[in-house]
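For reference, coords.tsv is printed below; it contains TSV, C-alpha atoms.
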```tsv
chain	number	residue	atom	x	y	z
A	186	MET	CA	-50.46	27.94	1.37
A	187	PRO	CA	-50.36	25.64	-1.72
A	188	ALA	CA	-53.67	25.22	-3.53
A	189	VAL	CA	-53.72	21.44	-3.09
A	190	THR	CA	-53.10	21.72	0.66
A	191	ARG	CA	-55.83	24.34	1.01
A	192	LYS	CA	-58.21	22.10	-0.94
A	193	TYR	CA	-57.63	19.18	1.41
A	194	LEU	CA	-58.01	21.36	4.50
A	195	LEU	CA	-61.33	22.58	3.15
A	196	THR	CA	-62.38	19.01	2.34
A	197	ALA	CA	-61.44	17.76	5.79
A	198	PHE	CA	-63.38	20.57	7.43
A	199	THR	CA	-66.40	19.91	5.23
A	200	LEU	CA	-66.41	16.21	6.07
A	201	ALA	CA	-66.23	17.02	9.77
A	202	ALA	CA	-69.13	19.46	9.43
A	203	VAL	CA	-71.22	16.87	7.62
A	204	ILE	CA	-70.57	14.29	10.31
A	205	LEU	CA	-71.69	16.72	13.02
A	206	GLN	CA	-74.87	17.74	11.22
A	207	PRO	CA	-78.19	15.93	11.77
A	208	ALA	CA	-78.85	13.12	9.33
A	209	THR	CA	-80.57	14.09	6.09
A	210	ALA	CA	-83.01	11.78	4.36
A	211	HIS	CA	-82.01	10.59	0.89
A	212	ALA	CA	-83.75	8.33	-1.58
A	213	ASP	CA	-82.26	4.89	-2.11
A	214	PHE	CA	-81.25	3.98	-5.64
A	215	THR	CA	-80.27	0.65	-7.11
A	216	GLY	CA	-76.55	0.42	-7.83
A	217	PRO	CA	-74.51	-1.42	-10.44
A	218	GLU	CA	-74.85	-4.83	-8.81
A	219	GLY	CA	-78.33	-4.64	-7.32
A	220	GLY	CA	-77.20	-2.91	-4.11
A	221	THR	CA	-78.14	0.64	-3.22
A	222	LYS	CA	-76.24	3.89	-2.95
A	223	VAL	CA	-77.23	6.87	-0.86
A	224	GLY	CA	-75.85	10.23	-1.92
A	225	GLY	CA	-72.84	8.56	-3.56
A	226	GLY	CA	-72.02	6.18	-0.71
A	227	ALA	CA	-72.77	2.47	-1.04
A	228	LYS	CA	-74.63	0.31	1.41
A	229	SER	CA	-75.42	-3.36	1.32
A	230	ASP	CA	-78.73	-4.57	-0.04
A	231	ASP	CA	-79.56	-8.13	-1.00
A	232	SER	CA	-82.78	-7.28	-2.79
A	233	GLY	CA	-81.20	-7.87	-6.22
A	234	GLY	CA	-82.62	-6.82	-9.54
A	235	GLY	CA	-82.02	-3.69	-11.59
A	236	SER	CA	-83.77	-0.40	-11.15
A	237	VAL	CA	-83.36	3.32	-11.43
A	238	SER	CA	-80.19	5.16	-10.49
A	239	ALA	CA	-77.52	6.05	-7.96
A	240	THR	CA	-75.80	9.34	-7.42
A	241	ALA	CA	-72.08	10.18	-7.33
A	242	GLY	CA	-71.55	13.88	-6.81
A	243	ALA	CA	-73.26	15.88	-9.55
A	244	VAL	CA	-73.38	12.85	-11.85
A	245	VAL	CA	-76.41	10.56	-11.82
A	246	PHE	CA	-76.09	7.00	-13.14
A	247	ASP	CA	-78.96	4.99	-14.62
A	248	TYR	CA	-78.26	1.26	-14.15
A	249	SER	CA	-81.57	-0.07	-15.46
A	250	HIS	CA	-79.86	-1.73	-18.46
A	251	ASN	CA	-76.72	-2.82	-16.66
A	252	GLY	CA	-75.62	-6.39	-16.06
A	253	SER	CA	-76.76	-7.99	-12.81
A	254	GLY	CA	-76.36	-11.15	-10.79
A	255	ALA	CA	-73.93	-12.36	-8.18
A	256	LYS	CA	-71.21	-13.14	-10.74
A	257	ALA	CA	-71.50	-9.92	-12.77
A	258	GLY	CA	-68.47	-7.66	-12.69
A	259	PRO	CA	-66.67	-4.65	-14.17
A	260	VAL	CA	-64.72	-4.90	-17.39
A	261	THR	CA	-60.98	-4.24	-17.54
A	262	ALA	CA	-59.90	-1.95	-20.36
A	263	ALA	CA	-57.81	-3.82	-22.92
A	264	SER	CA	-55.48	-0.82	-23.24
A	265	ASP	CA	-53.68	1.39	-20.71
A	266	TRP	CA	-56.74	3.54	-20.09
A	267	THR	CA	-58.75	4.60	-17.07
A	268	PRO	CA	-61.79	6.83	-16.54
A	269	PRO	CA	-61.12	10.29	-15.08
A	270	ALA	CA	-60.13	10.35	-11.41
A	271	CYS	CA	-61.63	13.80	-10.89
A	272	TYR	CA	-63.84	16.30	-12.70
A	273	TYR	CA	-65.49	19.69	-12.28
A	274	ALA	CA	-69.26	20.07	-12.19
A	275	PRO	CA	-71.89	22.32	-10.59
A	276	LYS	CA	-71.93	22.01	-6.82
A	277	TYR	CA	-73.27	25.13	-5.09
A	278	THR	CA	-75.87	27.84	-5.45
A	279	PRO	CA	-74.75	31.21	-4.03
A	280	ALA	CA	-76.50	30.47	-0.73
A	281	GLN	CA	-74.99	26.98	-0.54
A	282	LEU	CA	-71.46	28.24	-1.13
A	283	LYS	CA	-71.94	30.86	1.56
A	284	ALA	CA	-73.10	28.15	3.97
A	285	HIS	CA	-70.10	26.03	2.97
A	286	LEU	CA	-67.32	28.63	3.28
A	287	GLU	CA	-68.32	30.93	6.13
A	288	PRO	CA	-68.03	28.25	8.85
A	289	ILE	CA	-64.53	27.42	7.54
A	290	TRP	CA	-63.47	31.06	7.79
A	291	ALA	CA	-65.04	31.35	11.25
A	292	VAL	CA	-62.74	28.72	12.77
A	293	ASP	CA	-59.65	30.08	10.95
A	294	SER	CA	-58.77	26.56	9.79
A	295	THR	CA	-56.87	27.75	6.70
A	296	GLY	CA	-55.21	30.86	8.12
A	297	TYR	CA	-56.15	34.54	8.23
A	298	GLU	CA	-54.31	35.51	5.03
A	299	TRP	CA	-55.96	32.81	2.96
A	300	ASP	CA	-59.39	33.46	4.46
A	301	ALA	CA	-59.02	37.20	3.70
A	302	LYS	CA	-58.23	36.43	0.07
A	303	GLN	CA	-61.23	34.12	-0.09
A	304	ARG	CA	-63.54	36.81	1.34
A	305	ALA	CA	-62.15	39.34	-1.12
A	306	TYR	CA	-62.95	37.01	-4.01
A	307	TYR	CA	-66.31	35.55	-2.98
A	308	VAL	CA	-67.79	38.42	-0.94
A	309	ASP	CA	-66.29	41.79	-1.88
A	310	GLY	CA	-64.85	41.30	-5.37
A	311	ASP	CA	-66.34	40.38	-8.72
A	312	TYR	CA	-68.96	38.19	-7.05
A	313	PRO	CA	-70.61	40.26	-4.29
A	314	ASP	CA	-72.08	38.15	-1.50
A	315	PHE	CA	-71.22	34.90	-3.32
A	316	ASN	CA	-72.93	36.16	-6.52
A	317	LYS	CA	-76.28	36.24	-4.76
A	318	GLU	CA	-77.80	38.48	-7.44
A	319	LYS	CA	-77.29	35.68	-9.99
A	320	THR	CA	-79.19	33.06	-8.01
A	321	GLY	CA	-80.90	30.79	-10.52
A	322	LYS	CA	-78.74	32.06	-13.39
A	323	GLY	CA	-75.75	29.80	-12.81
A	324	TYR	CA	-73.82	27.69	-10.31
A	325	TRP	CA	-70.54	27.58	-8.48
A	326	TRP	CA	-68.51	24.67	-9.85
A	327	ASP	CA	-66.11	22.58	-7.78
A	328	SER	CA	-64.15	19.37	-8.14
A	329	TYR	CA	-65.43	15.87	-7.52
A	330	VAL	CA	-63.27	12.79	-7.04
A	331	THR	CA	-64.56	9.66	-8.76
A	332	PRO	CA	-65.58	7.14	-6.05
A	333	GLY	CA	-62.85	4.56	-5.56
A	334	ARG	CA	-60.14	6.81	-7.01
A	335	GLU	CA	-59.50	8.93	-3.90
A	336	GLY	CA	-55.93	7.75	-3.29
A	337	GLU	CA	-54.69	8.08	-6.87
A	338	PRO	CA	-52.40	10.91	-8.08
A	339	GLY	CA	-54.95	11.89	-10.72
A	340	ALA	CA	-57.42	12.81	-8.00
A	341	LEU	CA	-55.18	15.82	-7.22
A	342	ASP	CA	-55.35	17.22	-10.74
A	343	CYS	CA	-58.57	19.15	-10.10
A	344	ASP	CA	-57.07	21.76	-7.78
A	345	LYS	CA	-58.70	24.87	-9.26
A	346	GLN	CA	-60.58	26.97	-6.71
A	347	ILE	CA	-64.37	27.02	-6.82
A	348	PHE	CA	-65.49	29.01	-9.87
A	349	TRP	CA	-68.72	30.47	-11.25
A	350	VAL	CA	-70.33	29.44	-14.56
A	351	ASP	CA	-73.46	31.10	-15.95
A	352	ASN	CA	-76.20	28.83	-17.24
A	353	GLY	CA	-75.59	28.04	-20.89
A	354	GLU	CA	-71.98	29.22	-20.81
A	355	ALA	CA	-68.90	27.01	-21.25
A	356	PRO	CA	-66.60	26.45	-18.26
A	357	PRO	CA	-63.29	28.36	-18.35
A	358	ALA	CA	-60.54	27.03	-20.61
A	359	ASP	CA	-58.22	26.46	-17.65
A	360	ALA	CA	-60.58	23.76	-16.31
A	361	PRO	CA	-59.97	20.93	-18.82
A	362	GLN	CA	-61.56	18.41	-16.45
A	363	ALA	CA	-64.93	20.20	-16.66
A	364	ILE	CA	-67.72	17.68	-17.20
A	365	THR	CA	-68.74	16.96	-20.81
A	366	PRO	CA	-70.78	14.20	-22.47
A	367	GLU	CA	-67.54	12.41	-23.36
A	368	MET	CA	-66.37	12.55	-19.76
A	369	LEU	CA	-69.76	11.26	-18.63
A	370	ALA	CA	-69.30	8.33	-21.03
A	371	ARG	CA	-65.93	7.58	-19.48
A	372	LEU	CA	-67.39	7.71	-15.98
A	373	ALA	CA	-70.20	5.39	-17.09
A	374	TYR	CA	-67.60	2.96	-18.48
A	375	ALA	CA	-66.37	2.34	-14.92
A	376	GLU	CA	-69.94	1.55	-13.83
A	377	VAL	CA	-70.67	-1.04	-16.53
A	378	ARG	CA	-71.19	-4.57	-15.18
A	379	VAL	CA	-71.25	-7.57	-17.50
A	380	PRO	CA	-72.61	-11.08	-16.84
A	381	SER	CA	-70.53	-14.00	-15.70
A	382	THR	CA	-68.49	-15.79	-18.37
A	383	LYS	CA	-68.91	-19.24	-16.86
A	384	VAL	CA	-69.38	-21.30	-20.02
A	385	ARG	CA	-71.75	-24.20	-20.45
A	386	LEU	CA	-69.88	-27.43	-21.15
A	387	ALA	CA	-70.77	-30.81	-22.64
A	388	PRO	CA	-69.96	-33.31	-21.27
A	389	GLU	CA	-71.05	-31.45	-18.14
A	390	ALA	CA	-69.79	-33.72	-15.37
A	391	ALA	CA	-66.42	-34.81	-16.75
A	392	SER	CA	-64.64	-34.29	-20.06
A	393	LYS	CA	-62.97	-37.23	-21.76
A	394	VAL	CA	-59.36	-37.43	-22.94
A	395	ASN	CA	-59.03	-36.96	-26.74
A	396	LEU	CA	-62.74	-36.21	-27.18
A	397	PRO	CA	-63.93	-32.64	-27.76
A	398	THR	CA	-65.66	-30.76	-24.97
A	399	TRP	CA	-68.31	-28.38	-26.31
A	400	ALA	CA	-68.42	-24.87	-24.82
A	401	TRP	CA	-70.98	-22.11	-25.37
A	402	LEU	CA	-72.66	-19.02	-23.99
A	403	ASP	CA	-76.36	-18.49	-24.63
A	404	ALA	CA	-77.92	-15.25	-25.85
A	405	GLY	CA	-78.73	-14.15	-22.31
A	406	ASP	CA	-75.07	-14.48	-21.36
A	407	VAL	CA	-73.92	-12.10	-24.08
A	408	ALA	CA	-76.77	-9.56	-24.25
A	409	PRO	CA	-75.64	-5.91	-24.54
A	410	VAL	CA	-75.49	-3.89	-21.33
A	411	SER	CA	-75.34	-0.14	-20.83
A	412	VAL	CA	-75.10	2.62	-18.22
A	413	THR	CA	-76.26	6.19	-18.71
A	414	ALA	CA	-74.57	9.04	-16.85
A	415	SER	CA	-76.07	12.53	-16.71
A	416	VAL	CA	-75.80	15.92	-15.07
A	417	ARG	CA	-79.38	17.05	-14.78
A	418	LEU	CA	-78.50	20.66	-13.95
A	419	LEU	CA	-76.70	20.94	-17.30
A	420	GLY	CA	-79.08	18.82	-19.35
A	421	ILE	CA	-76.26	16.58	-20.63
A	422	SER	CA	-75.97	12.81	-20.66
A	423	ALA	CA	-74.06	9.93	-22.22
A	424	THR	CA	-74.79	6.23	-22.56
A	425	THR	CA	-71.94	3.74	-22.59
A	426	THR	CA	-72.85	0.40	-24.17
A	427	ALA	CA	-70.92	-2.87	-24.09
A	428	ARG	CA	-71.54	-5.58	-26.72
A	429	ALA	CA	-70.03	-9.05	-26.56
A	430	ASP	CA	-67.52	-9.75	-29.31
A	431	SER	CA	-65.51	-12.94	-28.76
A	432	LEU	CA	-64.66	-15.50	-26.10
A	433	ALA	CA	-61.10	-16.63	-25.38
A	434	ILE	CA	-60.67	-20.05	-23.79
A	435	GLU	CA	-57.60	-21.08	-21.82
A	436	PRO	CA	-57.86	-24.80	-20.96
A	437	GLY	CA	-55.76	-24.60	-17.79
A	438	THR	CA	-53.13	-27.03	-19.06
A	439	PRO	CA	-50.72	-27.07	-22.03
A	440	ASP	CA	-51.89	-30.62	-22.75
A	441	ALA	CA	-54.99	-29.49	-24.62
A	442	ARG	CA	-56.12	-28.13	-27.97
A	443	THR	CA	-58.61	-25.29	-28.24
A	444	LEU	CA	-61.39	-25.25	-30.80
A	445	PRO	CA	-60.88	-23.21	-32.89
A	446	ALA	CA	-57.10	-23.40	-32.71
A	447	SER	CA	-56.82	-19.69	-31.92
A	448	GLY	CA	-58.86	-20.19	-28.77
A	449	ALA	CA	-61.11	-17.26	-29.76
A	450	CYS	CA	-64.78	-18.09	-30.30
A	451	PRO	CA	-66.69	-15.33	-32.15
A	452	LEU	CA	-70.22	-14.12	-31.55
A	453	VAL	CA	-72.50	-15.69	-34.19
A	454	ASP	CA	-76.26	-15.17	-34.39
A	455	GLY	CA	-76.44	-13.73	-30.88
A	456	ARG	CA	-74.55	-16.49	-29.08
A	457	ILE	CA	-71.01	-17.79	-28.72
A	458	GLY	CA	-70.42	-21.41	-29.55
A	459	GLU	CA	-73.17	-23.94	-30.05
A	460	PRO	CA	-75.08	-26.05	-27.52
A	461	TYR	CA	-74.40	-29.77	-27.71
A	462	ALA	CA	-77.35	-31.97	-28.63
A	463	ALA	CA	-77.94	-35.61	-29.47
A	464	GLY	CA	-76.61	-36.46	-32.91
A	465	LYS	CA	-73.65	-34.08	-32.75
A	466	ALA	CA	-71.19	-36.60	-31.28
A	467	ASN	CA	-69.20	-36.89	-34.52
A	468	ARG	CA	-69.08	-33.14	-35.19
A	469	THR	CA	-66.35	-30.71	-34.22
A	470	PRO	CA	-67.75	-28.01	-31.94
A	471	PRO	CA	-67.32	-24.41	-33.13
A	472	CYS	CA	-66.11	-23.55	-29.63
A	473	GLY	CA	-64.51	-25.88	-27.13
A	474	VAL	CA	-61.41	-27.75	-26.06
A	475	THR	CA	-59.92	-31.22	-26.41
A	476	TYR	CA	-57.91	-32.39	-23.41
A	477	LEU	CA	-54.99	-34.70	-24.12
A	478	ARG	CA	-54.52	-36.08	-20.63
A	479	SER	CA	-56.51	-36.76	-17.50
A	480	SER	CA	-56.73	-34.29	-14.66
A	481	GLY	CA	-56.14	-37.19	-12.27
A	482	ASP	CA	-57.28	-36.52	-8.73
A	483	THR	CA	-57.61	-32.80	-9.34
A	484	THR	CA	-59.15	-30.50	-11.96
A	485	PHE	CA	-57.96	-28.11	-14.68
A	486	PRO	CA	-58.78	-24.39	-14.18
A	487	LEU	CA	-60.42	-23.53	-17.50
A	488	ARG	CA	-60.60	-19.75	-17.91
A	489	ALA	CA	-63.09	-18.08	-20.24
A	490	THR	CA	-62.56	-14.37	-20.99
A	491	LEU	CA	-65.13	-12.42	-22.96
A	492	THR	CA	-64.10	-9.32	-24.92
A	493	TRP	CA	-66.71	-6.58	-25.10
A	494	LYS	CA	-66.75	-3.85	-27.74
A	495	ILE	CA	-67.66	-0.59	-26.01
A	496	HIS	CA	-68.97	2.68	-27.44
A	497	TRP	CA	-70.90	5.72	-26.32
A	498	THR	CA	-73.48	8.18	-27.56
A	499	GLY	CA	-74.71	11.29	-25.80
A	500	THR	CA	-75.88	14.87	-25.93
A	501	GLY	CA	-74.94	16.23	-29.34
A	502	VAL	CA	-73.30	12.92	-30.32
A	503	THR	CA	-75.60	10.48	-32.14
A	504	ALA	CA	-72.98	8.40	-33.99
A	505	PRO	CA	-71.42	5.72	-31.75
A	506	GLN	CA	-67.99	6.77	-30.48
A	507	PRO	CA	-65.50	4.01	-29.62
A	508	LEU	CA	-64.08	3.42	-26.16
A	509	PRO	CA	-61.40	0.83	-25.33
A	510	ASP	CA	-62.48	-2.80	-25.49
A	511	GLY	CA	-63.29	-4.31	-22.12
A	512	ARG	CA	-62.53	-7.81	-20.87
A	513	PHE	CA	-64.12	-9.89	-18.16
A	514	GLY	CA	-63.29	-13.49	-17.33
A	515	ALA	CA	-63.85	-16.28	-14.87
A	516	GLU	CA	-62.35	-19.65	-14.03
A	517	GLN	CA	-64.16	-22.93	-13.60
A	518	ASP	CA	-62.88	-26.32	-12.62
A	519	VAL	CA	-62.96	-29.03	-15.29
A	520	THR	CA	-62.56	-32.72	-14.50
A	521	VAL	CA	-61.01	-34.80	-17.29
A	522	ARG	CA	-61.15	-38.60	-17.23
A	523	GLU	CA	-59.58	-41.35	-19.35
A	524	ILE	CA	-62.00	-43.40	-21.42
A	525	GLN	CA	-62.22	-46.79	-19.76
A	526	SER	CA	-62.28	-49.91	-21.95
A	527	VAL	CA	-62.61	-53.57	-21.10
A	528	ASN	CA	-60.50	-56.19	-22.93
A	529	ARG	CA	-61.87	-59.72	-23.04
```
In structure tokens, what does this structure look like?
Amino acid sequence: MPAVTRKYLLTAFTLAAVILQPATAHADFTGPEGGTKVGGGAKSDDSGGGSVSATAGAVVFDYSHNGSGAKAGPVTAASDWTPPACYYAPKYTPAQLKAHLEPIWAVDSTGYEWDAKQRAYYVDGDYPDFNKEKTGKGYWWDSYVTPGREGEPGALDCDKQIFWVDNGEAPPADAPQAITPEMLARLAYAEVRVPSTKVRLAPEAASKVNLPTWAWLDAGDVAPVSVTASVRLLGISATTTARADSLAIEPGTPDARTLPASGACPLVDGRIGEPYAAGKANRTPPCGVTYLRSSGDTTFPLRATLTWKIHWTGTGVTAPQPLPDGRFGAEQDVTVREIQSVNR
């Protein structure tokens, strides 16, 4: 029986067993958008606010410095890059693995020949009675699929059978997806949430043809956010941090000029752009757009996309290590009117 097929049979059996077991109490933890997760599964919660952590397999995420709010969202990597779809990490003590595998063998769900090989390996071979004598001196490692990535081909890459790792020892070389601080950083990248990029505009109600519209984001809109991922059993962690870099404005019509001409407004002194105030009417805004025609009876869909520079630090890694830039944008409707004049 192919390894991948065996793995999925074991997984299916395990899920069925979990469903049939009495419910187990778990602590609730605040998730990336203010909701809660229980044991890796999400459930709705409108309480809002940031807090402690949520679990996903062996990895624990700390969201206390993550972005929040109804409009917050995940960044999209600027390059062809994705976090790992699966990884290996500690999952079972000897007693837990015994409790996991023996019911599977008892119902002969994977066939006598396969079950016999499993018993020979985990019971009678190099690891007598599931390595019971090493209880507390290591763990059985198994694969985890990153939540939300279950249907992707990469989720099948971690098809190595459950293996033992002594405390303080490195995982075997043939398990390249074994969890590391760098992999934790990549998993945390997928959990980062950044604030909405809805820009503040002046004029606020309706822009005027041929007059500049000021656009800006305040310091609170571009404050750094971060997520920390850790495996407590291994004493390793990594923090992935996103810092705002520049804002790209797309006016929603070719009949417009962006300010600056490139359409990219840099972060300066902790904010992007500059708020409009009385006395600035004759100045050119550092960030904005000038519309060259009216929107008529409709509106223009102005899109503002913020680029975030992302890096990580972690166990044994104090110097910031770069990760791909992330982007997050939003559209907002802009009404543009002609300036009315009266001829006498």
| Neighbour list for Thr492 in chain A as a PyMOL selection string, cut-off 9 Å, only C-alpha atoms, skip fewer than 2 positions in-chain | chain A and resi 260+263+428-433+490+494+510-514
| With only C-alpha atoms as the atoms that count, which of A:Val394, A:Ile457, A:Ala243, A:Met368 lies nearest to Thr382 in chain A? |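 For Thr382 in chain A, the nearest of the candidates is A:Ile457.
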| Of the listed residues A:Ile434, A:Leu419, A:Val521, A:Ala291, that which approaches Lys393 in chain A most closely, counting all atoms listed in the file | A:Val521
| Which residues come within 8 Å of range 268-273 of chain A, counting only C-alpha atoms, excluding same-chain residues fewer than 2 positions away, as a ChimeraX atom specification? | /A:266,275,326-331,334-335,337,339-343,360,362-364,368,371-372,374-375
Next, dump the selected residues to file, keeping only C-alpha atoms, as a PDB file, keeping the file's coordinate frame.
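This went into result_34.pdb:
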```pdb
ATOM      1  CA  TRP A 266     -56.740   3.540 -20.090  1.00  0.00           C
ATOM      2  CA  PRO A 275     -71.890  22.320 -10.590  1.00  0.00           C
ATOM      3  CA  TRP A 326     -68.510  24.670  -9.850  1.00  0.00           C
ATOM      4  CA  ASP A 327     -66.110  22.580  -7.780  1.00  0.00           C
ATOM      5  CA  SER A 328     -64.150  19.370  -8.140  1.00  0.00           C
ATOM      6  CA  TYR A 329     -65.430  15.870  -7.520  1.00  0.00           C
ATOM      7  CA  VAL A 330     -63.270  12.790  -7.040  1.00  0.00           C
ATOM      8  CA  THR A 331     -64.560   9.660  -8.760  1.00  0.00           C
ATOM      9  CA  ARG A 334     -60.140   6.810  -7.010  1.00  0.00           C
ATOM     10  CA  GLU A 335     -59.500   8.930  -3.900  1.00  0.00           C
ATOM     11  CA  GLU A 337     -54.690   8.080  -6.870  1.00  0.00           C
ATOM     12  CA  GLY A 339     -54.950  11.890 -10.720  1.00  0.00           C
ATOM     13  CA  ALA A 340     -57.420  12.810  -8.000  1.00  0.00           C
ATOM     14  CA  LEU A 341     -55.180  15.820  -7.220  1.00  0.00           C
ATOM     15  CA  ASP A 342     -55.350  17.220 -10.740  1.00  0.00           C
ATOM     16  CA  CYS A 343     -58.570  19.150 -10.100  1.00  0.00           C
ATOM     17  CA  ALA A 360     -60.580  23.760 -16.310  1.00  0.00           C
ATOM     18  CA  GLN A 362     -61.560  18.410 -16.450  1.00  0.00           C
ATOM     19  CA  ALA A 363     -64.930  20.200 -16.660  1.00  0.00           C
ATOM     20  CA  ILE A 364     -67.720  17.680 -17.200  1.00  0.00           C
ATOM     21  CA  MET A 368     -66.370  12.550 -19.760  1.00  0.00           C
ATOM     22  CA  ARG A 371     -65.930   7.580 -19.480  1.00  0.00           C
ATOM     23  CA  LEU A 372     -67.390   7.710 -15.980  1.00  0.00           C
ATOM     24  CA  TYR A 374     -67.600   2.960 -18.480  1.00  0.00           C
ATOM     25  CA  ALA A 375     -66.370   2.340 -14.920  1.00  0.00           C
TER      26      ALA A 375
END
```
| message | Between CA of Ala414 in chain A and CA of Ser264 in chain A, what distance in Å does the model show, to one decimal? | response |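 Taking CA of Ala414 in chain A as the start and CA of Ser264 in chain A as the end point, the length is 22.4 Å.
Take CA of Gly353 in chain A and CA of Tyr306 in chain A: the distance between them is 22.9 Å.
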| field | Neighbour list for Ala427 in chain A as an NGL selection string, cut-off 7 Å, all atoms listed in the file, skip fewer than 5 positions in-chain | value | :A and (409-411 or 493-496)
Please dump the current selection as a PDB file, keeping the file's coordinate frame; keep C-alpha atoms.
```
ATOM      1  CA  PRO A 409     -75.640  -5.910 -24.540  1.00  0.00           C
ATOM      2  CA  VAL A 410     -75.490  -3.890 -21.330  1.00  0.00           C
ATOM      3  CA  SER A 411     -75.340  -0.140 -20.830  1.00  0.00           C
ATOM      4  CA  TRP A 493     -66.710  -6.580 -25.100  1.00  0.00           C
ATOM      5  CA  LYS A 494     -66.750  -3.850 -27.740  1.00  0.00           C
ATOM      6  CA  ILE A 495     -67.660  -0.590 -26.010  1.00  0.00           C
ATOM      7  CA  HIS A 496     -68.970   2.680 -27.440  1.00  0.00           C
TER       8      HIS A 496
END
```
Show which residues sit within 10 Å of range 384-387 of chain A, as a PDB file with C-alpha atoms, in the coordinates of the input. Count all atoms listed in the file, and ignore same-chain residues fewer than 3 positions away.
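Output saved as around-v5.pdb:
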```
ATOM      1  CA  SER A 381     -70.530 -14.000 -15.700  1.00  0.00           C
ATOM      2  CA  ALA A 390     -69.790 -33.720 -15.370  1.00  0.00           C
ATOM      3  CA  ALA A 391     -66.420 -34.810 -16.750  1.00  0.00           C
ATOM      4  CA  SER A 392     -64.640 -34.290 -20.060  1.00  0.00           C
ATOM      5  CA  PRO A 397     -63.930 -32.640 -27.760  1.00  0.00           C
ATOM      6  CA  THR A 398     -65.660 -30.760 -24.970  1.00  0.00           C
ATOM      7  CA  TRP A 399     -68.310 -28.380 -26.310  1.00  0.00           C
ATOM      8  CA  ALA A 400     -68.420 -24.870 -24.820  1.00  0.00           C
ATOM      9  CA  TRP A 401     -70.980 -22.110 -25.370  1.00  0.00           C
ATOM     10  CA  LEU A 402     -72.660 -19.020 -23.990  1.00  0.00           C
ATOM     11  CA  ASP A 403     -76.360 -18.490 -24.630  1.00  0.00           C
ATOM     12  CA  ASP A 406     -75.070 -14.480 -21.360  1.00  0.00           C
ATOM     13  CA  LEU A 432     -64.660 -15.500 -26.100  1.00  0.00           C
ATOM     14  CA  ILE A 434     -60.670 -20.050 -23.790  1.00  0.00           C
ATOM     15  CA  ILE A 457     -71.010 -17.790 -28.720  1.00  0.00           C
ATOM     16  CA  GLY A 458     -70.420 -21.410 -29.550  1.00  0.00           C
ATOM     17  CA  GLU A 459     -73.170 -23.940 -30.050  1.00  0.00           C
ATOM     18  CA  PRO A 460     -75.080 -26.050 -27.520  1.00  0.00           C
ATOM     19  CA  TYR A 461     -74.400 -29.770 -27.710  1.00  0.00           C
ATOM     20  CA  ALA A 462     -77.350 -31.970 -28.630  1.00  0.00           C
ATOM     21  CA  GLY A 473     -64.510 -25.880 -27.130  1.00  0.00           C
ATOM     22  CA  VAL A 474     -61.410 -27.750 -26.060  1.00  0.00           C
ATOM     23  CA  LEU A 487     -60.420 -23.530 -17.500  1.00  0.00           C
ATOM     24  CA  ARG A 488     -60.600 -19.750 -17.910  1.00  0.00           C
ATOM     25  CA  ALA A 489     -63.090 -18.080 -20.240  1.00  0.00           C
ATOM     26  CA  THR A 490     -62.560 -14.370 -20.990  1.00  0.00           C
ATOM     27  CA  ALA A 515     -63.850 -16.280 -14.870  1.00  0.00           C
ATOM     28  CA  GLU A 516     -62.350 -19.650 -14.030  1.00  0.00           C
ATOM     29  CA  GLN A 517     -64.160 -22.930 -13.600  1.00  0.00           C
ATOM     30  CA  VAL A 519     -62.960 -29.030 -15.290  1.00  0.00           C
TER      31      VAL A 519
END
```
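Take CA of Trp497 in chain A and CA of Ala373 in chain A: the distance between them is 9.3 Å.
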| field | Close residues, range 475-485 of chain A itself excluded, 7 Å, only C-alpha atoms, min 5 positions apart in chain, as a list in words | value |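 Surrounding residues, per the criterion: Val394, Asn395, Leu396, Pro397, Thr398, Gly437, Thr438, Asp440, Ala441, Arg442, Thr443, Asp518, Val519, Thr520, Val521, Arg522 and Glu523 of chain A.
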| Pick from A:Ala284, A:Ile421, A:Ala370, A:Ala446: nearest to Pro471 in chain A, with all atoms listed in the file counted? |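 Answer, going by the shortest atom-to-atom distance: A:Ala446.
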